[in-house]
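Reviewing the structure listed below.
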Protein chains: 2
Amino acid sequence: MEENKAEMNDLEKLRHSAAHVLAQAVKELFPDTKLGIGPVIEDGFFYDFGRKEPFTNEDLKKLEEKMKEISKQNLKIEKVELNEKEINALKKSEPFKKELLEDLSKKGIRPTFYKQGNFVDLCRGPHVNYTAKVKAFRLLKVSGAYWKGDQSKEQMQRIYGTCWPTKEELESYLKRLEEAEKRDHRRLGKELELFTFMEESPGAVFFLPKGAVVYNELLKFIREEYVKRDYEEVITPLLYDKSLWETSGHWEHYRNDMFTLKVDNRDFGIKPMNCPSHLLIYKLKLRSYKDLPWRVADFASLHRNEVKGALGGLTRTRKFSQDDAHIFVAEEQVQEEIGRCIDFVKHVYVEVFGFTFDTVLSTMPEKALGEPKLWENAEKALASALDKNKMKYTVAKGEGAFYGPKIDFKVKDAIGRTWQLATIQLDFNLPKRFEVTYEGKDGKKHTPVMIHRAIFGSLERFIGVMTEHFAGKFPLWLSPVQVRLLTVTDRAVKFAEEVQSQLKKANVRVELDSRLETIPKKVRDAQLDNIPLMVTIGDKEVDNKTLAVRTLDGKVKFGVKPNDFLSLITSNIKGRELEIKL
Amino acid sequence: MEENKAEMNDLEKLRHSAAHVLAQAVKELFPDTKLGIGPVIEDGFFYDFGRKEPFTNEDLKKLEEKMKEISKQNLKIEKVELNEKEINALKKSEPFKKELLEDLSKKGIRPTFYKQGNFVDLCRGPHVNYTAKVKAFRLLKVSGAYWKGDQSKEQMQRIYGTCWPTKEELESYLKRLEEAEKRDHRRLGKELELFTFMEESPGAVFFLPKGAVVYNELLKFIREEYVKRDYEEVITPLLYDKSLWETSGHWEHYRNDMFTLKVDNRDFGIKPMNCPSHLLIYKLKLRSYKDLPWRVADFASLHRNEVKGALGGLTRTRKFSQDDAHIFVAEEQVQEEIGRCIDFVKHVYVEVFGFTFDTVLSTMPEKALGEPKLWENAEKALASALDKNKMKYTVAKGEGAFYGPKIDFKVKDAIGRTWQLATIQLDFNLPKRFEVTYEGKDGKKHTPVMIHRAIFGSLERFIGVMTEHFAGKFPLWLSPVQVRLLTVTDRAVKFAEEVQSQLKKANVRVELDSRLETIPKKVRDAQLDNIPLMVTIGDKEVDNKTLAVRTLDGKVKFGVKPNDFLSLITSNIKGRELEIKL
């Protein structure tokens, strides 16, 4: 094992040892199998094995049993020295290890080995000291992989597993996993007809009508916040001449991640981010300190040439839009403006979406642009903006971008997973590269500080996270269909149509189910479609001109007047509430 | 003259003769100048002359005087035969005519000549019969051009002119021209900070914050109509694999107008239109006759590789969005659905924008796809939909697209210019190419008819037309800034801020002008910025908690209560009214 370069924490050590226990089990049950590598990953580990036939689910079961045996044997896991002869024997029997040993030797690195019982593996360590510690584990799945991730090299069989210090932690993780699979946005997206992907445009989302509603509601929400918070929106081109990317530095540092093409026989790039467009607009006129802060927002389509193999659902796409804004401030305005950004993040995540989050302040890295004094002031400003907003945060020392310090928000979803979504970054670099200035009170030219900030980040990714967070049961204001009217009898259809038309006029998204089906069947279908409000209309309702209202979580109220129902809905939607109170 | 291939109407003949009179004047005043060509264009004519130095404005004056003389001489304009010797003399003195004569000879076409006085020009004709008819004319401007439009060929001097049957028509045209120049959206766009263009992205608009407001308000309006009219919006990728463009036929017929690039080592194209995306989505599931009509809309950014020289303002751009929708219908639904489309066009243009328009029905061309019977039925359906909607229309026989008949709407703006904006087109082709079907009542597969329809067409172009139509004075609902509060004294600022905050909460776009300037100055500035509502707040208003309201067209009302003012505004905006009634 030679993959883990950074220091390992206890949990990682444990999982790393679990990978070795798995490898030992494989060698005992399938001795012809060759060993690849077995690194630690988030929530677990994998091990790649050289072998033609995939492992079956039954094989996994057997391997788990064997691992339990090895665990019970409580073998000592120890670092050992191998002599020339032993190394040559290993090279002979393990071709992949041979290659790794030769790689190390080329680099002049002395190999180290770990041993438990008769099993020896090339490995930098570290490990837990006894196999008995590897006791709460589970093998999860097998998938194909290539040696060293290179499609031209040998096909490997990769076994994924997870391992935890206690059975309880394992059980709770497996439950979370099961829950996550139920909520998988790729599955829900298809089932609920929210979005899909097609081979004709890899990595770019097709938002179907229902998904487009969610998308547009999010835009509408953010735009309303922009008006309240004095942001200005611009609409900008997508294709730009190379010269712009040279000024911004993208051509030098980011070109491989961009889609490029020839236009008028010149090199052009499709924009991967909005900052350069906004710097161009900033430069259109002379700006004074009185014009700052200037907050400019943009929902332009961005494109990044992500490796095709890395694409998966909405979390990584080649085309996406950000609720991305840039704020130009004078240095002395940084603290107050950061405070406003933090307030914005809190409002959206906590008040509107009911998420919680962790906050991380990342400070000056080793290679940094700008005077240390500028960094120091900026970091102080960020810290005191956080303090003033009574935000708990951790400091990630030296983890800021080269162009400035930043605050990241790691949002926790309903099943405890964290997502890096919102970010607030200071930038001392781009304003210099683009030579933007403002006239200060002193009549002199100054360089503004630029703040990059995104609340949702990629709208596509946010919709993915949110779909899983709500398990497809969006709050009323975001629901593609907000109300479904269910008629009990044919006689009810006319009244139902009147109600439908009244709701529609008020911009409520309403459907009418007048099929000749039973009410239990209609209710069940509406529940499967995650419709937040079901309204049953039978003879009684027609006679009394009332509605029987049922929420997705099972609350029911009879005899509701259409006007009261409309007020209930519109006030819930306007308030962007998470729950419906009947 | 050999450029005019189609038959000419009387006005075109007159303008064609005016070009000859100009050419004669140039030869008399500037005998070294060589003759190029002089075709008729919209509203006038031009003539290209081979000459190094540009004509000055003074030259134009002199030429106009000379043309008047020639007109007064009332020379007969007649078709003449030239003998070999005369032709050779002409070739010798006129190198461009020589080239044209050689071109004709290569094609085996016998040249014809027209003569007035001593002036002879190579020309297919026809002309008016006497120079006296060319009496109401004006030379408008000079610009550089290249011989045969080819940058590698000789530089020419192009003189533009206009000519009309009567002085009155000339005067009215010149007035319209002057008015159009005042309204030029490129100038207004810059002055009002609505939009701009930059060299970094030729042909792509930068909508500045104020322009983006207009853009987004238009989208919001159309989206509301979509909800009412049962359209579904989708959000689609921009980059597609060549295979899609092959299926649609774009790769064969439209490739040169597309921006193409390599993605994953395959050919991709940036989409120039939305239809193929919608066909892909149609195909995602089985559709039944019960699902039709299915109306799918999209505001995706479209890109077309327009020749750089042809780009100009918002009327022709490389990047644009359409309020573009596709409707899939069964053949027997065509008439009813076209009726709905016509209603939509009428609502938007007549009721909301106050435009008038001409309607043209274009029928089966010579080369047409699909059975004549299908065409006949479709044309009948279009015609009767027009009749049912009490629409006057003309028929352009044989001018339909190869894939189906269509209805075009030529919108007249405030100064009488017409713009081809809305369109409704039937398409028998793409549904076949993509093999889309629906299950009919008979349980069998049928091919739906596809309707392409756009109301605004390109949003960019529509904003250009609308900016000129309203001369930058947008109706309240579209105005980037709807209200400006003007304080008379410092004492008024606090109350003004309260009013501002109240309006802002109601999503009114409001600015506060609390500068230390006089009210006449503040009013004048607001008028220059085309702010539809100016609100003056002085001591009296502070004491009475009222407002003095003034519209851009000069109506004034004192003592308005803030709440009443808010109701006035919100109801005007909600109704998307063209006028403000105080």
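Note on naming: chains are A, B, ... as they come in the structure tokens, residues start from 1 per chain, ligands start from 1 in the order shown.
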
Starting from chain B, keep only residues with some atom at most 9 Å from an atom of chain A, counting only C-alpha atoms, and report them as a compact mmCIF listing (two decimals) with N, CA and C atoms, in the first residue's frame.
```txt
# COMPACT_ATOMS: atom_id res chain seq x y z
N MET B 198 -19.07 44.24 -26.85
CA MET B 198 -17.63 44.39 -26.65
C MET B 198 -16.87 43.51 -27.63
N GLU B 199 -15.68 43.97 -27.96
CA GLU B 199 -14.85 43.29 -28.94
C GLU B 199 -14.53 41.85 -28.49
N GLU B 200 -14.52 41.60 -27.18
CA GLU B 200 -14.16 40.28 -26.66
C GLU B 200 -15.19 39.21 -27.04
N SER B 201 -16.41 39.63 -27.41
CA SER B 201 -17.42 38.64 -27.76
C SER B 201 -18.32 39.22 -28.86
N PRO B 202 -17.81 39.24 -30.10
CA PRO B 202 -18.51 39.94 -31.17
C PRO B 202 -19.92 39.36 -31.39
N GLY B 203 -20.88 40.25 -31.49
CA GLY B 203 -22.23 39.82 -31.82
C GLY B 203 -23.02 39.27 -30.65
N ALA B 204 -22.45 39.35 -29.44
CA ALA B 204 -23.18 38.85 -28.27
C ALA B 204 -23.43 40.04 -27.33
N VAL B 205 -24.66 40.16 -26.88
CA VAL B 205 -25.06 41.32 -26.10
C VAL B 205 -24.61 41.20 -24.65
N PHE B 206 -24.13 42.27 -24.08
CA PHE B 206 -24.01 42.39 -22.62
C PHE B 206 -25.22 43.19 -22.17
N PHE B 207 -26.17 42.55 -21.53
CA PHE B 207 -27.27 43.30 -20.94
C PHE B 207 -26.80 43.84 -19.60
N LEU B 208 -26.72 45.17 -19.50
CA LEU B 208 -26.32 45.82 -18.26
C LEU B 208 -27.50 45.73 -17.29
N PRO B 209 -27.30 46.08 -16.01
CA PRO B 209 -28.38 45.85 -15.03
C PRO B 209 -29.74 46.36 -15.50
N LYS B 210 -29.80 47.54 -16.10
CA LYS B 210 -31.12 48.07 -16.51
C LYS B 210 -31.71 47.26 -17.66
N GLY B 211 -30.87 46.86 -18.59
CA GLY B 211 -31.36 46.05 -19.71
C GLY B 211 -31.79 44.66 -19.24
N ALA B 212 -31.06 44.13 -18.26
CA ALA B 212 -31.42 42.81 -17.74
C ALA B 212 -32.79 42.84 -17.08
N VAL B 213 -33.14 43.98 -16.48
CA VAL B 213 -34.48 44.11 -15.90
C VAL B 213 -35.53 43.97 -17.00
N TYR B 215 -35.24 42.57 -19.91
CA TYR B 215 -35.17 41.19 -20.40
C TYR B 215 -35.95 40.25 -19.48
N GLU B 224 -45.76 33.77 -17.46
CA GLU B 224 -47.12 33.81 -16.92
C GLU B 224 -48.12 33.37 -17.98
N VAL B 227 -48.13 29.60 -18.31
CA VAL B 227 -48.91 28.88 -17.30
C VAL B 227 -50.39 28.91 -17.69
N LYS B 228 -50.86 30.11 -18.10
CA LYS B 228 -52.27 30.23 -18.48
C LYS B 228 -52.61 29.38 -19.70
N GLU B 232 -45.37 23.99 -21.20
CA GLU B 232 -44.42 23.52 -20.21
C GLU B 232 -43.02 23.97 -20.64
N GLU B 233 -42.28 24.49 -19.66
CA GLU B 233 -40.93 24.94 -19.99
C GLU B 233 -39.91 23.85 -19.67
N VAL B 234 -38.90 23.74 -20.48
CA VAL B 234 -37.78 22.85 -20.18
C VAL B 234 -36.48 23.66 -20.23
N ILE B 235 -35.44 23.12 -19.60
CA ILE B 235 -34.12 23.78 -19.64
C ILE B 235 -33.16 22.75 -20.21
N THR B 236 -32.50 23.11 -21.30
CA THR B 236 -31.80 22.09 -22.08
C THR B 236 -30.32 22.43 -22.29
N PRO B 237 -29.51 21.41 -22.59
CA PRO B 237 -28.09 21.64 -22.86
C PRO B 237 -27.87 22.50 -24.11
N LEU B 238 -26.66 23.05 -24.23
CA LEU B 238 -26.33 23.87 -25.39
C LEU B 238 -25.43 23.14 -26.38
N LEU B 239 -24.62 22.20 -25.90
CA LEU B 239 -23.66 21.49 -26.76
C LEU B 239 -24.16 20.08 -27.04
N TYR B 240 -24.19 19.73 -28.33
CA TYR B 240 -24.68 18.39 -28.69
C TYR B 240 -23.75 17.72 -29.69
N ASP B 241 -23.69 16.43 -29.56
CA ASP B 241 -22.93 15.60 -30.46
C ASP B 241 -23.45 15.73 -31.90
N LYS B 242 -22.52 15.65 -32.83
CA LYS B 242 -22.84 15.68 -34.25
C LYS B 242 -24.01 14.78 -34.63
N SER B 243 -24.10 13.62 -33.99
CA SER B 243 -25.14 12.65 -34.37
C SER B 243 -26.53 13.28 -34.30
N LEU B 244 -26.73 14.16 -33.31
CA LEU B 244 -28.04 14.82 -33.20
C LEU B 244 -28.28 15.72 -34.41
N PHE B 259 -21.53 27.14 -34.57
CA PHE B 259 -20.22 27.07 -33.94
C PHE B 259 -19.98 25.61 -33.57
N THR B 260 -18.88 25.07 -34.05
CA THR B 260 -18.61 23.66 -33.78
C THR B 260 -17.30 23.54 -32.99
N LEU B 261 -17.16 22.44 -32.29
CA LEU B 261 -15.95 22.22 -31.49
C LEU B 261 -15.78 20.73 -31.24
N LYS B 262 -14.63 20.38 -30.71
CA LYS B 262 -14.36 18.98 -30.38
C LYS B 262 -14.63 18.77 -28.90
N VAL B 263 -15.37 17.72 -28.58
CA VAL B 263 -15.60 17.33 -27.19
C VAL B 263 -15.34 15.82 -27.11
N ASP B 264 -14.51 15.39 -26.18
CA ASP B 264 -14.16 13.97 -26.08
C ASP B 264 -13.74 13.42 -27.45
N PHE B 268 -18.87 18.30 -31.97
CA PHE B 268 -20.05 18.82 -31.29
C PHE B 268 -20.45 20.14 -31.94
N SER B 277 -33.63 19.53 -29.40
CA SER B 277 -33.69 19.22 -27.96
C SER B 277 -35.09 18.77 -27.58
N LEU B 280 -35.91 15.26 -28.73
CA LEU B 280 -35.30 14.28 -27.81
C LEU B 280 -36.18 14.07 -26.58
N ILE B 281 -36.68 15.18 -26.04
CA ILE B 281 -37.50 15.07 -24.82
C ILE B 281 -38.84 14.39 -25.14
N VAL B 296 -44.14 22.66 -25.59
CA VAL B 296 -42.89 22.71 -24.83
C VAL B 296 -42.09 23.96 -25.20
N SER B 301 -29.99 29.72 -24.55
CA SER B 301 -29.13 30.57 -25.38
C SER B 301 -28.85 29.85 -26.69
N ASN B 305 -23.48 31.43 -36.22
CA ASN B 305 -22.23 32.05 -36.67
C ASN B 305 -22.48 33.07 -37.77
N VAL B 307 -21.97 36.21 -40.11
CA VAL B 307 -20.76 36.86 -40.60
C VAL B 307 -20.51 38.12 -39.77
N LYS B 308 -19.28 38.32 -39.37
CA LYS B 308 -18.96 39.43 -38.47
C LYS B 308 -19.44 40.76 -39.03
N LYS B 319 -25.43 35.48 -30.42
CA LYS B 319 -26.04 34.80 -29.29
C LYS B 319 -27.39 35.43 -29.02
N LYS B 504 -40.10 49.36 -2.16
CA LYS B 504 -39.16 48.28 -2.42
C LYS B 504 -39.72 46.95 -1.93
N LYS B 505 -40.33 46.98 -0.76
CA LYS B 505 -40.92 45.77 -0.22
C LYS B 505 -41.97 45.20 -1.16
N ASN B 507 -41.73 45.20 -4.24
CA ASN B 507 -41.00 44.88 -5.49
C ASN B 507 -41.07 45.97 -6.54
N ARG B 509 -39.33 49.03 -8.41
CA ARG B 509 -37.95 49.45 -8.63
C ARG B 509 -37.86 50.97 -8.44
```

Report task. Run DSSP on the backbone and give me the residues of stretch 34-194 of chain A it puts in strand (DSSP E or B), as a PyMOL selection string. Result -> chain A and resi 34-35+40-41+44-50+76+78-80+113-116+119-122+130+136-146+155-164

Please, could you write that set of residues out with N, CA and C atoms as a compact mmCIF listing (two decimals), in the first residue's frame?
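And here's again31.txt as it stands now:
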```txt
# COMPACT_ATOMS: atom_id res chain seq x y z
N LYS A 34 -4.50 -11.50 -8.23
CA LYS A 34 -3.30 -10.69 -8.01
C LYS A 34 -3.68 -9.40 -7.27
N LEU A 35 -2.77 -8.92 -6.43
CA LEU A 35 -3.06 -7.75 -5.62
C LEU A 35 -2.75 -6.44 -6.35
N VAL A 40 -7.83 4.08 1.34
CA VAL A 40 -8.97 4.55 2.13
C VAL A 40 -9.73 5.58 1.31
N ILE A 41 -11.05 5.53 1.36
CA ILE A 41 -11.86 6.59 0.73
C ILE A 41 -12.86 7.10 1.75
N GLY A 44 -14.95 4.65 3.94
CA GLY A 44 -14.58 3.25 3.79
C GLY A 44 -13.27 3.05 3.05
N PHE A 45 -13.22 2.04 2.23
CA PHE A 45 -12.00 1.67 1.52
C PHE A 45 -12.38 0.88 0.29
N PHE A 46 -11.42 0.70 -0.61
CA PHE A 46 -11.60 -0.32 -1.65
C PHE A 46 -10.28 -1.03 -1.84
N TYR A 47 -10.33 -2.13 -2.56
CA TYR A 47 -9.10 -2.81 -2.96
C TYR A 47 -9.30 -3.30 -4.40
N ASP A 48 -8.30 -3.00 -5.27
CA ASP A 48 -8.36 -3.45 -6.66
C ASP A 48 -7.61 -4.77 -6.81
N PHE A 49 -8.27 -5.74 -7.42
CA PHE A 49 -7.64 -7.05 -7.62
C PHE A 49 -7.53 -7.38 -9.10
N GLY A 50 -6.38 -7.95 -9.48
CA GLY A 50 -6.20 -8.38 -10.86
C GLY A 50 -6.84 -9.75 -11.04
N LYS A 76 -1.38 -9.96 14.70
CA LYS A 76 -0.65 -8.70 14.86
C LYS A 76 -0.38 -8.13 13.47
N GLU A 78 2.05 -5.78 11.56
CA GLU A 78 3.33 -5.12 11.89
C GLU A 78 4.12 -4.77 10.64
N LYS A 79 4.89 -3.71 10.80
CA LYS A 79 5.78 -3.29 9.72
C LYS A 79 6.95 -4.27 9.72
N VAL A 80 7.31 -4.80 8.51
CA VAL A 80 8.43 -5.76 8.44
C VAL A 80 9.42 -5.35 7.36
N PHE A 113 6.87 -2.70 4.12
CA PHE A 113 5.89 -3.78 4.03
C PHE A 113 5.17 -3.96 5.35
N TYR A 114 3.94 -4.41 5.27
CA TYR A 114 3.19 -4.74 6.48
C TYR A 114 2.76 -6.19 6.39
N LYS A 115 2.66 -6.80 7.54
CA LYS A 115 2.42 -8.25 7.60
C LYS A 115 1.40 -8.53 8.69
N GLN A 116 0.49 -9.48 8.39
CA GLN A 116 -0.39 -10.03 9.41
C GLN A 116 -0.49 -11.51 9.10
N PHE A 119 0.21 -13.09 5.58
CA PHE A 119 -0.07 -12.15 4.51
C PHE A 119 0.85 -10.93 4.61
N VAL A 120 1.52 -10.64 3.48
CA VAL A 120 2.43 -9.49 3.43
C VAL A 120 1.98 -8.57 2.29
N ASP A 121 1.97 -7.27 2.56
CA ASP A 121 1.60 -6.33 1.49
C ASP A 121 2.58 -5.15 1.48
N LEU A 122 2.92 -4.73 0.28
CA LEU A 122 3.71 -3.52 0.10
C LEU A 122 2.86 -2.35 0.59
N TYR A 130 -3.79 -4.74 15.63
CA TYR A 130 -4.30 -6.13 15.61
C TYR A 130 -5.52 -6.25 14.70
N ALA A 136 -16.16 -4.27 12.74
CA ALA A 136 -17.45 -3.75 12.28
C ALA A 136 -17.30 -3.28 10.84
N PHE A 137 -17.41 -4.25 9.94
CA PHE A 137 -17.18 -3.90 8.52
C PHE A 137 -18.25 -4.52 7.65
N ARG A 138 -18.32 -4.10 6.43
CA ARG A 138 -19.23 -4.68 5.45
C ARG A 138 -18.66 -4.46 4.06
N LEU A 139 -18.67 -5.50 3.23
CA LEU A 139 -18.31 -5.33 1.82
C LEU A 139 -19.55 -4.87 1.07
N LEU A 140 -19.41 -3.81 0.24
CA LEU A 140 -20.61 -3.15 -0.30
C LEU A 140 -20.90 -3.50 -1.75
N LYS A 141 -19.88 -3.48 -2.57
CA LYS A 141 -20.15 -3.77 -3.99
C LYS A 141 -18.85 -4.03 -4.73
N VAL A 142 -18.99 -4.56 -5.94
CA VAL A 142 -17.84 -4.78 -6.81
C VAL A 142 -18.05 -3.96 -8.06
N SER A 143 -16.99 -3.36 -8.57
CA SER A 143 -17.15 -2.73 -9.88
C SER A 143 -15.85 -2.86 -10.64
N GLY A 144 -15.91 -2.71 -11.95
CA GLY A 144 -14.72 -2.81 -12.78
C GLY A 144 -13.87 -1.57 -12.62
N ALA A 145 -12.56 -1.70 -12.78
CA ALA A 145 -11.65 -0.55 -12.72
C ALA A 145 -10.47 -0.89 -13.62
N TYR A 146 -9.64 0.09 -13.91
CA TYR A 146 -8.43 -0.20 -14.68
C TYR A 146 -7.22 0.01 -13.81
N GLN A 155 -7.66 -4.71 -16.79
CA GLN A 155 -8.96 -4.60 -16.11
C GLN A 155 -8.82 -5.18 -14.71
N MET A 156 -9.30 -4.48 -13.69
CA MET A 156 -9.23 -4.95 -12.31
C MET A 156 -10.64 -5.14 -11.77
N GLN A 157 -10.76 -5.87 -10.68
CA GLN A 157 -12.02 -5.98 -9.97
C GLN A 157 -11.87 -5.20 -8.66
N ARG A 158 -12.71 -4.19 -8.49
CA ARG A 158 -12.59 -3.36 -7.29
C ARG A 158 -13.68 -3.73 -6.29
N ILE A 159 -13.27 -4.09 -5.10
CA ILE A 159 -14.24 -4.38 -4.03
C ILE A 159 -14.30 -3.19 -3.08
N TYR A 160 -15.51 -2.63 -2.91
CA TYR A 160 -15.70 -1.53 -1.97
C TYR A 160 -16.18 -2.07 -0.64
N GLY A 161 -15.67 -1.49 0.44
CA GLY A 161 -16.15 -1.88 1.76
C GLY A 161 -16.19 -0.69 2.69
N THR A 162 -16.81 -0.89 3.83
CA THR A 162 -16.80 0.15 4.85
C THR A 162 -16.40 -0.50 6.18
N CYS A 163 -15.85 0.28 7.05
CA CYS A 163 -15.43 -0.26 8.34
C CYS A 163 -15.53 0.84 9.39
N TRP A 164 -16.02 0.49 10.58
CA TRP A 164 -16.25 1.47 11.65
C TRP A 164 -15.72 0.92 12.96
```

- Which residues, written as a list in words, have at least one atom at most 10 Å from A:Arg229, with only C-alpha atoms counted and residues fewer than 6 positions away on the same chain left out? Arg223, Arg295, Arg340, Cys341 and Phe344 of chain A

Given the selection you just returned, output its residues as a file containing N, CA and C atoms, formatted as a PDB file, in the first residue's frame.
```pdb
ATOM      1  N   ARG A 223     -33.655  35.999  -7.057  1.00  0.00           N
ATOM      2  CA  ARG A 223     -33.827  37.334  -7.656  1.00  0.00           C
ATOM      3  C   ARG A 223     -34.554  38.278  -6.698  1.00  0.00           C
ATOM      4  N   ARG A 295     -22.607  45.349  -6.485  1.00  0.00           N
ATOM      5  CA  ARG A 295     -22.894  43.902  -6.437  1.00  0.00           C
ATOM      6  C   ARG A 295     -23.505  43.467  -7.765  1.00  0.00           C
ATOM      7  N   ARG A 340     -22.850  41.132   5.426  1.00  0.00           N
ATOM      8  CA  ARG A 340     -24.075  41.028   4.619  1.00  0.00           C
ATOM      9  C   ARG A 340     -24.152  39.688   3.897  1.00  0.00           C
ATOM     10  N   CYS A 341     -23.003  39.240   3.376  1.00  0.00           N
ATOM     11  CA  CYS A 341     -22.988  37.947   2.678  1.00  0.00           C
ATOM     12  C   CYS A 341     -23.348  36.814   3.640  1.00  0.00           C
ATOM     13  N   PHE A 344     -26.939  36.689   4.270  1.00  0.00           N
ATOM     14  CA  PHE A 344     -27.614  36.127   3.097  1.00  0.00           C
ATOM     15  C   PHE A 344     -27.574  34.591   3.174  1.00  0.00           C
TER      16      PHE A 344
END
```

**Item:** DSSP-assigned alpha helix (DSSP H) among stretch 495-554 of chain A, expressed as a PyMOL selection string
**Value:** chain A and resi 495-505+519-528+539-544

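For A:Leu486, the list of residues within 10 Å, based on only C-alpha atoms and with local chain neighbours fewer than 4 positions off taken out, reads Ala492, Val493, Ala496, Glu511, Leu512, Asp513, Ser514, Arg515, Glu517, Thr518, Ile519, Lys522, Val523, Ala526, Met534, Val535, Thr536, Ile537, Gly538 and Ala548 of chain A.
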
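Distances to A:Ile70 were evaluated for A:Val21, A:Val481, A:Met466, A:Ile87 using only C-alpha atoms, and the minimum falls at A:Val21.
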
For B:Phe474, the closest of B:Leu578, B:Leu22, B:Ile573, B:Ala414 counting only C-alpha atoms is B:Leu578
